[in-house]
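Engineer: Pasting run-v1.cif below, which is mmCIF, C-alpha atoms and all ligand atoms.
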```cif
data_model
#
loop_
_atom_site.label_atom_id
_atom_site.label_comp_id
_atom_site.auth_asym_id
_atom_site.auth_seq_id
_atom_site.Cartn_x
_atom_site.Cartn_y
_atom_site.Cartn_z
CA MET A 116 1.17 3.11 -24.03
CA ASN A 117 4.21 4.02 -21.92
CA ILE A 118 2.86 4.86 -18.47
CA LEU A 119 4.66 6.21 -15.41
CA ILE A 120 2.98 5.15 -12.16
CA THR A 121 3.92 7.11 -9.05
CA GLY A 122 3.40 5.35 -5.73
CA GLY A 123 3.46 2.05 -7.59
CA ALA A 124 4.77 0.23 -4.51
CA GLY A 125 1.80 1.33 -2.42
CA TYR A 126 -1.51 -0.43 -1.89
CA ILE A 127 -3.57 1.03 -4.73
CA GLY A 128 -0.58 1.87 -6.95
CA SER A 129 0.71 -1.72 -6.92
CA HIS A 130 -2.69 -3.00 -8.05
CA ALA A 131 -2.67 -0.38 -10.82
CA VAL A 132 0.79 -1.48 -11.97
CA ARG A 133 -0.42 -5.03 -12.47
CA LYS A 134 -3.69 -3.99 -14.10
CA ALA A 135 -1.95 -1.66 -16.57
CA ALA A 136 0.79 -4.21 -17.37
CA THR A 137 -1.81 -6.95 -17.90
CA ALA A 138 -3.67 -4.64 -20.29
CA GLY A 139 -0.48 -4.52 -22.38
CA HIS A 140 0.95 -1.17 -21.31
CA SER A 141 4.61 -0.60 -20.65
CA VAL A 142 4.88 0.52 -17.02
CA VAL A 143 7.60 2.38 -15.15
CA VAL A 144 7.22 2.87 -11.39
CA ILE A 145 8.58 5.58 -9.14
CA ASP A 146 8.14 5.39 -5.37
CA ASN A 147 10.20 6.84 -2.52
CA LEU A 148 9.44 3.70 -0.45
CA SER A 149 8.58 5.78 2.60
CA TYR A 150 5.41 3.70 2.89
CA GLY A 151 5.48 1.49 -0.19
CA HIS A 152 6.88 -2.02 -0.38
CA ARG A 153 9.45 -2.85 -3.05
CA GLN A 154 8.14 -6.47 -3.08
CA ALA A 155 4.75 -5.20 -4.24
CA VAL A 156 6.21 -4.30 -7.65
CA PRO A 157 6.74 -7.25 -10.01
CA GLY A 158 10.38 -7.91 -10.88
CA MET A 159 9.93 -7.27 -14.59
CA VAL A 160 8.56 -3.75 -14.06
CA LEU A 161 11.14 -0.94 -14.15
CA PHE A 162 11.42 0.64 -10.73
CA TYR A 163 13.09 3.86 -9.55
CA GLN A 164 13.31 4.92 -5.93
CA VAL A 165 12.60 8.60 -6.45
CA ASP A 166 10.78 11.22 -4.43
CA LEU A 167 8.19 13.50 -6.01
CA LYS A 168 10.21 16.56 -5.13
CA GLU A 169 13.05 15.39 -7.42
CA THR A 170 11.68 17.24 -10.45
CA ASP A 171 14.85 16.92 -12.56
CA ARG A 172 15.14 13.18 -12.03
CA ILE A 173 11.50 12.63 -12.84
CA GLU A 174 11.91 14.68 -16.04
CA GLU A 175 14.86 12.49 -16.96
CA ILE A 176 12.84 9.29 -16.38
CA LEU A 177 9.90 10.64 -18.39
CA ARG A 178 12.20 11.42 -21.33
CA LYS A 179 14.27 8.25 -21.10
CA HIS A 180 11.23 5.94 -21.22
CA LYS A 181 9.24 8.09 -23.66
CA ILE A 182 6.39 8.26 -21.16
CA GLU A 183 3.03 9.20 -22.68
CA ALA A 184 0.84 9.26 -19.57
CA VAL A 185 1.20 9.45 -15.80
CA MET A 186 -0.96 7.83 -13.12
CA HIS A 187 -0.28 9.59 -9.86
CA PHE A 188 -0.92 7.56 -6.69
CA ALA A 189 1.96 8.69 -4.46
CA ALA A 190 0.47 10.58 -1.51
CA LEU A 191 -0.04 10.61 2.21
CA ILE A 192 -3.51 9.34 3.11
CA SER A 193 -4.19 9.66 6.79
CA VAL A 194 -6.90 12.20 7.60
CA GLY A 195 -6.03 12.38 11.32
CA GLU A 196 -2.32 12.88 10.64
CA SER A 197 -3.14 15.66 8.17
CA VAL A 198 -4.88 17.59 10.94
CA GLN A 199 -1.76 17.26 13.14
CA LYS A 200 0.77 17.92 10.37
CA PRO A 201 -0.88 20.06 7.69
CA LEU A 202 2.38 21.24 6.15
CA LEU A 203 3.51 17.66 5.65
CA TYR A 204 0.33 16.99 3.67
CA TYR A 205 0.54 20.14 1.57
CA ARG A 206 4.22 19.45 0.88
CA ASN A 207 3.70 15.81 -0.14
CA ASN A 208 0.30 15.88 -1.76
CA THR A 209 0.04 19.37 -3.22
CA ALA A 210 3.65 20.47 -3.78
CA GLY A 211 4.57 16.87 -4.70
CA ALA A 212 1.95 16.86 -7.46
CA MET A 213 3.17 20.27 -8.65
CA SER A 214 6.74 19.00 -8.92
CA LEU A 215 5.55 15.99 -10.94
CA LEU A 216 3.40 18.20 -13.19
CA GLU A 217 6.35 20.50 -13.76
CA ALA A 218 8.53 17.56 -14.80
CA MET A 219 5.71 16.47 -17.16
CA GLU A 220 5.44 19.96 -18.66
CA ARG A 221 9.18 20.07 -19.32
CA ALA A 222 9.16 16.60 -20.87
CA GLY A 223 5.99 17.31 -22.87
CA VAL A 224 3.87 14.57 -21.21
CA MET A 225 0.25 15.59 -21.61
CA ARG A 226 -1.90 12.88 -20.04
CA PHE A 227 -2.50 12.67 -16.31
CA VAL A 228 -4.68 10.53 -14.04
CA PHE A 229 -4.98 11.79 -10.50
CA SER A 230 -6.06 10.01 -7.30
CA SER A 231 -8.47 12.40 -5.67
CA THR A 232 -10.79 11.58 -2.83
CA ALA A 233 -14.30 11.69 -1.44
CA ALA A 234 -12.69 13.71 1.35
CA THR A 235 -12.88 16.71 -1.02
CA TYR A 236 -16.66 16.73 -0.38
CA GLY A 237 -16.26 17.06 3.40
CA GLU A 238 -19.64 16.71 5.15
CA PRO A 239 -21.78 16.47 2.03
CA GLU A 240 -25.17 18.16 1.89
CA GLU A 241 -26.62 15.16 0.06
CA VAL A 242 -26.12 11.43 -0.43
CA PRO A 243 -25.53 9.84 -2.81
CA ILE A 244 -22.69 12.17 -3.68
CA PHE A 245 -22.58 13.31 -7.28
CA GLU A 246 -19.53 14.79 -9.02
CA THR A 247 -21.44 18.08 -8.91
CA THR A 248 -22.02 17.92 -5.14
CA LYS A 249 -20.37 20.90 -3.46
CA GLN A 250 -16.75 20.24 -2.48
CA SER A 251 -15.92 21.58 0.93
CA PRO A 252 -13.16 19.59 2.67
CA ILE A 253 -13.08 19.48 6.46
CA ASN A 254 -9.41 18.51 6.86
CA PRO A 255 -6.01 19.31 5.31
CA TYR A 256 -5.93 15.92 3.54
CA GLY A 257 -9.08 16.79 1.56
CA HIS A 258 -7.79 20.31 0.88
CA SER A 259 -4.39 18.99 -0.26
CA LYS A 260 -6.16 16.94 -2.95
CA LEU A 261 -8.73 19.60 -3.90
CA PHE A 262 -5.91 22.10 -4.53
CA VAL A 263 -4.46 19.66 -7.05
CA GLU A 264 -7.85 19.36 -8.78
CA GLN A 265 -7.83 23.17 -9.17
CA ILE A 266 -4.23 23.18 -10.44
CA LEU A 267 -5.20 20.58 -13.05
CA LYS A 268 -8.10 22.73 -14.26
CA ASP A 269 -5.77 25.72 -14.54
CA ILE A 270 -3.12 23.77 -16.47
CA ALA A 271 -5.80 22.43 -18.83
CA ALA A 272 -7.08 25.98 -19.43
CA ALA A 273 -3.57 27.19 -20.27
CA GLN A 274 -2.44 24.19 -22.28
CA PRO A 275 -4.95 22.80 -24.81
CA GLN A 276 -2.96 19.60 -25.35
CA PHE A 277 -3.17 18.64 -21.67
CA GLY A 278 -5.80 16.10 -20.66
CA PHE A 279 -6.57 14.82 -17.18
CA ILE A 280 -8.92 12.68 -15.12
CA ALA A 281 -9.36 13.10 -11.39
CA PHE A 282 -10.93 10.05 -9.75
CA ARG A 283 -12.53 10.72 -6.38
CA TYR A 284 -12.15 7.53 -4.39
CA PHE A 285 -14.57 6.33 -1.77
CA ASN A 286 -13.37 3.57 0.60
CA VAL A 287 -10.94 1.34 -1.24
CA ALA A 288 -10.65 -2.23 0.05
CA GLY A 289 -9.82 -5.81 -0.87
CA ALA A 290 -6.89 -7.43 -2.62
CA THR A 291 -6.24 -8.98 -5.98
CA ALA A 292 -7.49 -12.53 -6.59
CA ASP A 293 -4.12 -14.32 -6.82
CA GLY A 294 -3.32 -13.15 -3.28
CA LEU A 295 0.15 -11.90 -4.23
CA ILE A 296 -0.37 -8.26 -3.27
CA GLY A 297 -2.63 -6.58 -0.77
CA GLU A 298 -3.00 -3.86 1.83
CA ASP A 299 -0.14 -3.28 4.28
CA HIS A 300 -0.31 0.21 5.78
CA ARG A 301 1.84 1.00 8.79
CA PRO A 302 0.21 2.13 10.94
CA GLU A 303 -3.10 0.70 9.74
CA THR A 304 -6.10 2.94 10.44
CA HIS A 305 -8.67 1.61 7.97
CA LEU A 306 -11.71 -0.33 9.11
CA ILE A 307 -11.59 -3.53 7.03
CA PRO A 308 -7.93 -4.49 7.60
CA ASN A 309 -8.26 -3.73 11.29
CA VAL A 310 -11.42 -5.83 11.60
CA LEU A 311 -9.57 -8.68 9.89
CA TYR A 312 -6.56 -8.21 12.19
CA ALA A 313 -8.99 -8.70 15.08
CA ALA A 314 -10.30 -11.85 13.38
CA MET A 315 -6.73 -13.16 13.07
CA GLY A 316 -5.88 -12.33 16.67
CA LYS A 317 -3.32 -9.76 15.51
CA ARG A 318 -5.29 -7.21 17.53
CA GLU A 319 -7.41 -7.96 20.56
CA ASN A 320 -10.59 -6.40 19.21
CA ILE A 321 -12.05 -3.77 16.94
CA THR A 322 -13.48 -0.56 18.30
CA VAL A 323 -16.57 0.82 16.58
CA PHE A 324 -16.13 4.58 16.48
CA GLY A 325 -19.55 5.88 17.46
CA THR A 326 -22.98 4.27 17.69
CA ASP A 327 -25.13 7.39 17.81
CA TYR A 328 -24.95 8.55 14.20
CA PRO A 329 -28.20 9.33 12.37
CA THR A 330 -27.99 6.09 10.33
CA ALA A 331 -30.11 2.92 10.40
CA ASP A 332 -27.97 1.16 13.05
CA GLY A 333 -26.22 4.22 14.51
CA THR A 334 -22.80 3.49 12.97
CA CYS A 335 -21.13 5.29 10.06
CA VAL A 336 -21.95 4.29 6.51
CA ARG A 337 -19.31 4.14 3.75
CA ASP A 338 -19.05 2.96 0.15
CA TYR A 339 -16.45 0.18 -0.18
CA VAL A 340 -15.02 -0.23 -3.68
CA HIS A 341 -12.73 -3.13 -4.55
CA VAL A 342 -9.18 -2.06 -5.38
CA ASP A 343 -9.14 -4.07 -8.63
CA ASP A 344 -12.36 -2.40 -9.79
CA LEU A 345 -10.92 0.98 -8.84
CA VAL A 346 -7.70 0.53 -10.81
CA ALA A 347 -9.64 -0.90 -13.77
CA ALA A 348 -11.32 2.51 -14.08
CA HIS A 349 -7.87 4.11 -14.28
CA VAL A 350 -6.77 1.90 -17.15
CA ILE A 351 -10.01 2.47 -19.08
CA GLY A 352 -9.72 6.19 -18.34
CA ILE A 353 -6.16 6.60 -19.51
CA GLU A 354 -6.93 4.76 -22.74
CA LYS A 355 -9.95 6.96 -23.48
CA LEU A 356 -8.54 10.30 -22.36
CA ARG A 357 -8.15 12.86 -25.14
CA ALA A 358 -6.21 16.12 -25.35
CA GLY A 359 -8.08 19.02 -23.79
CA GLU A 360 -10.32 16.88 -21.57
CA GLY A 361 -10.63 17.53 -17.84
CA LEU A 362 -12.80 14.83 -16.28
CA PHE A 363 -13.94 14.08 -12.74
CA TYR A 364 -15.41 10.77 -11.63
CA ASN A 365 -16.55 9.32 -8.33
CA LEU A 366 -15.36 5.77 -7.78
CA GLY A 367 -17.61 3.92 -5.38
CA ILE A 368 -20.08 1.14 -5.97
CA GLY A 369 -23.00 3.39 -5.10
CA ARG A 370 -24.09 1.55 -1.96
CA GLY A 371 -23.31 2.24 1.65
CA TYR A 372 -22.52 -0.28 4.40
CA SER A 373 -22.46 0.53 8.09
CA VAL A 374 -19.52 -0.30 10.36
CA LYS A 375 -21.67 -2.98 12.01
CA GLU A 376 -22.50 -4.49 8.63
CA ILE A 377 -18.79 -4.60 7.78
CA ILE A 378 -18.03 -6.43 11.02
CA ASP A 379 -20.85 -8.94 10.37
CA ALA A 380 -19.68 -9.52 6.80
CA SER A 381 -16.10 -9.95 8.06
CA GLN A 382 -17.21 -12.64 10.52
CA LYS A 383 -18.86 -14.48 7.64
CA ALA A 384 -15.93 -14.04 5.24
CA SER A 385 -13.33 -15.13 7.80
CA GLY A 386 -15.41 -17.68 9.69
CA LYS A 387 -14.03 -16.14 12.90
CA GLU A 388 -15.67 -14.57 15.91
CA ILE A 389 -14.56 -10.92 16.06
CA PRO A 390 -14.39 -9.23 19.49
CA VAL A 391 -16.04 -5.80 19.25
CA ILE A 392 -15.90 -2.78 21.54
CA PHE A 393 -18.35 0.06 21.11
CA GLY A 394 -16.50 3.34 21.57
CA ALA A 395 -16.83 7.07 21.07
CA ARG A 396 -17.00 8.84 17.74
CA ARG A 397 -13.72 9.54 15.95
CA GLU A 398 -13.36 13.24 15.28
CA GLY A 399 -14.09 14.36 11.74
CA ASP A 400 -16.05 11.30 10.57
CA PRO A 401 -19.11 12.20 8.46
CA ALA A 402 -22.14 9.97 9.20
CA GLU A 403 -22.82 8.71 5.72
CA LEU A 404 -20.84 8.77 2.47
CA TYR A 405 -21.69 6.90 -0.66
CA ALA A 406 -21.21 7.68 -4.28
CA ASP A 407 -23.39 8.10 -7.25
CA SER A 408 -21.09 6.42 -9.76
CA ALA A 409 -23.38 6.59 -12.79
CA LYS A 410 -21.02 9.00 -14.57
CA ALA A 411 -18.06 6.59 -14.54
CA ARG A 412 -20.33 3.75 -15.57
CA SER A 413 -21.95 5.55 -18.49
CA GLU A 414 -19.04 7.63 -19.80
CA LEU A 415 -16.20 5.16 -19.23
CA GLY A 416 -18.20 1.95 -19.42
CA TRP A 417 -16.84 1.10 -15.95
CA GLN A 418 -18.44 -2.02 -14.51
CA PRO A 419 -17.35 -2.83 -10.98
CA GLN A 420 -17.29 -6.59 -10.48
CA PHE A 421 -17.44 -6.50 -6.67
CA THR A 422 -20.88 -5.19 -5.77
CA ASP A 423 -21.26 -7.30 -2.64
CA VAL A 424 -19.10 -6.20 0.27
CA GLU A 425 -18.69 -9.74 1.59
CA ARG A 426 -16.74 -10.64 -1.57
CA VAL A 427 -14.58 -7.55 -1.15
CA ILE A 428 -13.82 -8.59 2.41
CA ALA A 429 -13.22 -12.21 1.39
CA SER A 430 -10.53 -11.04 -1.03
CA ALA A 431 -8.90 -8.97 1.73
CA TRP A 432 -9.10 -11.98 4.07
CA ASN A 433 -7.41 -14.13 1.43
CA TRP A 434 -4.41 -11.76 1.47
CA HIS A 435 -4.24 -11.07 5.23
CA SER A 436 -4.66 -14.67 6.32
CA ALA A 437 -1.92 -15.79 3.90
CA HIS A 438 0.37 -12.86 4.87
CA PRO A 439 -0.16 -12.23 8.59
CA ASN A 440 2.87 -9.91 8.56
CA GLY A 441 1.95 -8.22 5.30
CA TYR A 442 5.12 -7.75 3.27
CA GLY A 443 7.19 -8.74 6.30
CA ASP A 444 9.57 -6.66 8.36
N1 LIG B 1 -13.88 2.84 11.90
C1 LIG B 1 -14.16 2.23 13.11
N2 LIG B 1 -13.14 1.59 13.76
C2 LIG B 1 -11.87 1.54 13.28
C3 LIG B 1 -11.59 2.17 12.04
C4 LIG B 1 -12.63 2.81 11.37
O1 LIG B 1 -15.30 2.23 13.59
O2 LIG B 1 -10.99 0.98 13.94
C5 LIG B 1 -14.97 3.49 11.18
C6 LIG B 1 -14.71 4.96 10.93
O3 LIG B 1 -15.16 5.73 11.98
C7 LIG B 1 -15.48 5.18 9.63
C8 LIG B 1 -15.43 3.84 8.91
O4 LIG B 1 -15.07 2.91 9.90
O5 LIG B 1 -16.82 5.46 9.94
C9 LIG B 1 -14.40 3.80 7.82
O6 LIG B 1 -13.18 4.29 8.33
P1 LIG B 1 -11.81 4.20 7.54
O7 LIG B 1 -10.76 4.77 8.43
O8 LIG B 1 -11.61 2.84 7.01
O9 LIG B 1 -12.03 5.13 6.27
P2 LIG B 1 -12.55 6.65 6.18
O10 LIG B 1 -13.96 6.60 5.68
O11 LIG B 1 -12.31 7.40 7.41
O12 LIG B 1 -11.55 7.25 5.11
C10 LIG B 1 -11.43 6.76 3.80
C11 LIG B 1 -10.00 6.88 3.35
C12 LIG B 1 -9.58 8.32 3.32
C13 LIG B 1 -10.54 9.11 2.49
C14 LIG B 1 -11.96 8.87 2.90
C15 LIG B 1 -12.87 9.49 1.91
O13 LIG B 1 -9.16 6.18 4.22
O14 LIG B 1 -8.28 8.43 2.78
O15 LIG B 1 -12.24 7.48 2.94
O16 LIG B 1 -14.17 9.41 2.32
F1 LIG B 1 -10.29 10.42 2.62
#
```
Represent the structure from my file as structure tokens, please.

Structural biologist:
Amino acid sequence: MNILITGGAGYIGSHAVRKAATAGHSVVVIDNLSYGHRQAVPGMVLFYQVDLKETDRIEEILRKHKIEAVMHFAALISVGESVQKPLLYYRNNTAGAMSLLEAMERAGVMRFVFSSTAATYGEPEEVPIFETTKQSPINPYGHSKLFVEQILKDIAAAQPQFGFIAFRYFNVAGATADGLIGEDHRPETHLIPNVLYAAMGKRENITVFGTDYPTADGTCVRDYVHVDDLVAAHVIGIEKLRAGEGLFYNLGIGRGYSVKEIIDASQKASGKEIPVIFGARREGDPAELYADSAKARSELGWQPQFTDVERVIASAWNWHSAHPNGYGD
């Protein structure tokens, strides 16, 4: 299948490019390189430096390469920044997706896989979180993605040939086994890379944000899914997707780990002592988030290979320790 991957130079997108290409698909990447790394895209994959708002250019690329399906990863991802700069998030994540969808409509491309997020659930009323759990985002990032979910439902209702999957990601981590690509966000806000930076001495320590949550050890609990497992679901999904379908799946392994457990597992995976500071809560962090992922497993036949967080962290350590400066300066 001819697949356009947006954000293919980013962390998750670059893993998806390799997974889709390995599965035999013909992949074209667009990325504006505002955060992505050109080196993350293999040389033999066609690459265009294009922004999502360039509807006409995207239409042209879709037509030129006879694209049959789009995987849409390009987005801003920082919850805290979205609270400070809501318009930036709605412009990039919501209006950006609309521009892409318009280009697809014009070019007659009818299959779409969307990166949604567990942040659309906000502070959930229940854990594990099911796809049917009430969605009620608590920040502009979550809203910017939930709006796109609604837009997709509306397009599908109006256009019977259109089919889409929205994957709601939990905490994505790790790096691919050959160590060639990995996570390099600037600035980095995520727990696992920052814990590993502390292990490498790239930061002095790691601060645990809050120790008084109503969880077993008082620190926040999250569901860490390996990036290669996550993108595998996308490839299975795009191959199975049929006209008229509108599908929603949680992607998490279905088990939560606390911040303290992540630090302990990181010490084991890296073999390094990690200096820890116990600090105040970070605003907007729900106590406990983990997925029920039975739907993706049963309907897609998705089988995550990384069910032990220490292996996820070991794969991240493999990348970070070999690339202390990520993709370089
Ligand atoms: N944390 C720390 N110290 C740090 C960084 C994080 O204690 O230096 C804690 C956070 O408070 C949180 C947990 O580690 O409890 C995980 O934090 P991350 O920043 O790694 O990830 P989040 O759970 O906040 O967010 C992730 C994605 C978002 C997405 C969300 C969905 O980064 O894009 O999951 O649940 F919206």

Engineer: Applying 7 Å and all atoms listed in the file, which residues near Ser230 of chain A remain after dropping the ones on its own chain fewer than 4 positions away? List them as an MDAnalysis selection string.

Structural biologist: chainID A and resid 187:188 281:283

Engineer: For C-alpha atoms, I'd like the residues from the last selection saved as a PDB file, keeping the file's coordinate frame.

Structural biologist:
```pdb
ATOM      1  CA  HIS A 187      -0.280   9.590  -9.860  1.00  0.00           C
ATOM      2  CA  PHE A 188      -0.920   7.560  -6.690  1.00  0.00           C
ATOM      3  CA  ALA A 281      -9.360  13.100 -11.390  1.00  0.00           C
ATOM      4  CA  PHE A 282     -10.930  10.050  -9.750  1.00  0.00           C
ATOM      5  CA  ARG A 283     -12.530  10.720  -6.380  1.00  0.00           C
TER       6      ARG A 283
END
```

Engineer: Return as JSON lines the residues of chain A lying at most 6 Å from ligand LIG 1 (chain B), together with the closest atom-to-atom pair for each and the distance in Å to one decimal, counting all atoms listed in the file, with rows in chain order and ascending residue number.

Structural biologist:
```
{"residue": "A:Ile192", "atom": "CA", "partner": "B:LIG1", "partner_atom": "O14", "distance": 4.9}
{"residue": "A:Ser193", "atom": "CA", "partner": "B:LIG1", "partner_atom": "O14", "distance": 5.9}
{"residue": "A:Thr232", "atom": "CA", "partner": "B:LIG1", "partner_atom": "C15", "distance": 5.6}
{"residue": "A:Ala233", "atom": "CA", "partner": "B:LIG1", "partner_atom": "C15", "distance": 4.3}
{"residue": "A:Ala234", "atom": "CA", "partner": "B:LIG1", "partner_atom": "C15", "distance": 4.3}
{"residue": "A:Phe285", "atom": "CA", "partner": "B:LIG1", "partner_atom": "O16", "distance": 5.1}
{"residue": "A:Asn286", "atom": "CA", "partner": "B:LIG1", "partner_atom": "O15", "distance": 4.7}
{"residue": "A:Thr304", "atom": "CA", "partner": "B:LIG1", "partner_atom": "O7", "distance": 5.4}
{"residue": "A:His305", "atom": "CA", "partner": "B:LIG1", "partner_atom": "O8", "distance": 3.3}
{"residue": "A:Leu306", "atom": "CA", "partner": "B:LIG1", "partner_atom": "O8", "distance": 3.8}
{"residue": "A:Ile321", "atom": "CA", "partner": "B:LIG1", "partner_atom": "O2", "distance": 5.7}
{"residue": "A:Thr322", "atom": "CA", "partner": "B:LIG1", "partner_atom": "N2", "distance": 5.0}
{"residue": "A:Val323", "atom": "CA", "partner": "B:LIG1", "partner_atom": "O1", "distance": 3.5}
{"residue": "A:Phe324", "atom": "CA", "partner": "B:LIG1", "partner_atom": "O1", "distance": 3.8}
{"residue": "A:Cys335", "atom": "CA", "partner": "B:LIG1", "partner_atom": "O5", "distance": 4.3}
{"residue": "A:Val374", "atom": "CA", "partner": "B:LIG1", "partner_atom": "O4", "distance": 5.5}
{"residue": "A:Arg397", "atom": "CA", "partner": "B:LIG1", "partner_atom": "O3", "distance": 5.7}
{"residue": "A:Asp400", "atom": "CA", "partner": "B:LIG1", "partner_atom": "O3", "distance": 5.8}
```

Engineer: Just the residues within 9 Å of segment 131-133 of chain A, please, counting all atoms listed in the file, with nothing from its chain fewer than 6 positions along; format it as a count of residues only.

Structural biologist: 17

Engineer: Pick out the closest residue to Gln420 of chain A from this set: A:Gly278, A:Gly367, A:Gly441, A:Gly399. Count all atoms listed in the file.

Structural biologist: A:Gly367

Engineer: Listed atoms of segment 181-200 of chain A, axis-aligned box, 3 Å per side: centre and edge lengths to one decimal in Å, as JSON?

Structural biologist:
```
{"center_x": 1.2, "center_y": 12.7, "center_z": -5.3, "size_x": 22.1, "size_y": 16.4, "size_z": 42.8}
```

Engineer: Given all atoms listed in the file as the basis, pick out the residue of A:Ile392, A:Leu362, A:Val424, A:Met315 nearest to Ser436 of chain A.

Structural biologist: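 Closest residue, counting all atoms listed in the file: A:Met315.
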
Engineer: Calculate how many Å separate atom CA of Gln274 of chain A from atom CA of Lys168 of chain A, rounding to one decimal.

Structural biologist: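 Calculated distance between atom CA of Gln274 of chain A and atom CA of Lys168 of chain A is 22.6 Å.
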
Engineer: From the list A:Leu261, A:Ile253, A:Val165, A:Ile280, which residue is nearest Val185 of chain A when using all atoms listed in the file?

Structural biologist: A:Ile280

Engineer: Using only C-alpha atoms, pick whichever of A:Asp423, A:Glu414, A:Glu298, A:Asp332 has the shortest atom-to-atom distance to Ile368 of chain A.

Structural biologist: A:Asp423

Engineer: Got a sec: who's within 10 Å of Pro255 of chain A, counting all atoms listed in the file, leaving out chain neighbours fewer than 5 positions off, as a list of chain:residue names?

Structural biologist: A:Ser193, A:Val194, A:Gly195, A:Glu196, A:Ser197, A:Val198, A:Gln199, A:Lys200, A:Pro201, A:Leu202, A:Leu203, A:Tyr204, A:Tyr205, A:Ala234, A:Thr235, A:Lys260, A:Leu261

Engineer: Closest to Gly443 of chain A among A:Glu425, A:Asp327, A:Asp344, A:Asp299, using all atoms listed in the file?

Structural biologist: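 Closest to Gly443 of chain A of all the choices is A:Asp299.
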
Engineer: Taking into account only C-alpha atoms, which residue in the set A:Glu241, A:Glu174, A:Glu183, A:Glu388 is nearest to Ala358 of chain A?

Structural biologist: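 Between A:Glu241, A:Glu174, A:Glu183, A:Glu388, the residue approaching Ala358 of chain A most closely is A:Glu183.
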
Engineer: State, in Å with one decimal place, the distance from atom CA of His300 of chain A to atom CA of Asn147 of chain A.

Structural biologist: 14.9 Å

Engineer: Show me, as CSV, the residues of segment 336-388 of chain A having an atom within 12 Å of segment 215-225 of chain A, each with the closest atom pair and its distance in Å, using all atoms listed in the file.

Structural biologist:
```
residue,atom,partner,partner_atom,distance
A:Ile353,CA,A:Met225,CA,11.2
A:Leu356,CA,A:Met225,CA,10.3
A:Arg357,CA,A:Met225,CA,9.5
A:Ala358,CA,A:Met225,CA,7.5
A:Gly359,CA,A:Met225,CA,9.3
A:Glu360,CA,A:Met225,CA,10.6
A:Gly361,CA,A:Met225,CA,11.7
```

Engineer: If I take atom CA of Val391 of chain A and atom CA of Val340 of chain A, how far is one from the other in Å, to one decimal?

Structural biologist: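 Interatomic distance, atom CA of Val391 of chain A to atom CA of Val340 of chain A: 23.6 Å.
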
Engineer: Determine, counting only C-alpha atoms, which protein, DNA and RNA residues have an atom within 9 Å of an atom of segment 242-246 of chain A; residues of the same chain fewer than 3 positions away are not included. Present the result as a compact mmCIF listing (two decimals) with C-alpha atoms, in the frame of the given file.

Structural biologist:
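So selection.txt came out as:
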```
# COMPACT_ATOMS: atom_id res chain seq x y z
CA ALA A 233 -14.30 11.69 -1.44
CA TYR A 236 -16.66 16.73 -0.38
CA PRO A 239 -21.78 16.47 2.03
CA LYS A 249 -20.37 20.90 -3.46
CA GLN A 250 -16.75 20.24 -2.48
CA ARG A 283 -12.53 10.72 -6.38
CA PHE A 363 -13.94 14.08 -12.74
CA TYR A 364 -15.41 10.77 -11.63
CA ASN A 365 -16.55 9.32 -8.33
CA GLY A 369 -23.00 3.39 -5.10
CA ARG A 370 -24.09 1.55 -1.96
CA GLU A 403 -22.82 8.71 5.72
CA LEU A 404 -20.84 8.77 2.47
CA TYR A 405 -21.69 6.90 -0.66
CA ALA A 406 -21.21 7.68 -4.28
CA ASP A 407 -23.39 8.10 -7.25
CA SER A 408 -21.09 6.42 -9.76
CA ALA A 409 -23.38 6.59 -12.79
CA LYS A 410 -21.02 9.00 -14.57
```

Engineer: Ala189 of chain A: which residues within 10 Å, counting all atoms listed in the file, same-chain residues fewer than 6 positions away excluded, as a ChimeraX atom specification?

Structural biologist: /A:120-125,127-128,145-148,150-151,166-167,207-208,211-212,229-230

Engineer: Can those selected residues be exported to a file as a PDB file, in the frame of the given file so that it contains C-alpha atoms?

Structural biologist:
```pdb
ATOM      1  CA  ILE A 120       2.980   5.150 -12.160  1.00  0.00           C
ATOM      2  CA  THR A 121       3.920   7.110  -9.050  1.00  0.00           C
ATOM      3  CA  GLY A 122       3.400   5.350  -5.730  1.00  0.00           C
ATOM      4  CA  GLY A 123       3.460   2.050  -7.590  1.00  0.00           C
ATOM      5  CA  ALA A 124       4.770   0.230  -4.510  1.00  0.00           C
ATOM      6  CA  GLY A 125       1.800   1.330  -2.420  1.00  0.00           C
ATOM      7  CA  ILE A 127      -3.570   1.030  -4.730  1.00  0.00           C
ATOM      8  CA  GLY A 128      -0.580   1.870  -6.950  1.00  0.00           C
ATOM      9  CA  ILE A 145       8.580   5.580  -9.140  1.00  0.00           C
ATOM     10  CA  ASP A 146       8.140   5.390  -5.370  1.00  0.00           C
ATOM     11  CA  ASN A 147      10.200   6.840  -2.520  1.00  0.00           C
ATOM     12  CA  LEU A 148       9.440   3.700  -0.450  1.00  0.00           C
ATOM     13  CA  TYR A 150       5.410   3.700   2.890  1.00  0.00           C
ATOM     14  CA  GLY A 151       5.480   1.490  -0.190  1.00  0.00           C
ATOM     15  CA  ASP A 166      10.780  11.220  -4.430  1.00  0.00           C
ATOM     16  CA  LEU A 167       8.190  13.500  -6.010  1.00  0.00           C
ATOM     17  CA  ASN A 207       3.700  15.810  -0.140  1.00  0.00           C
ATOM     18  CA  ASN A 208       0.300  15.880  -1.760  1.00  0.00           C
ATOM     19  CA  GLY A 211       4.570  16.870  -4.700  1.00  0.00           C
ATOM     20  CA  ALA A 212       1.950  16.860  -7.460  1.00  0.00           C
ATOM     21  CA  PHE A 229      -4.980  11.790 -10.500  1.00  0.00           C
ATOM     22  CA  SER A 230      -6.060  10.010  -7.300  1.00  0.00           C
TER      23      SER A 230
END
```
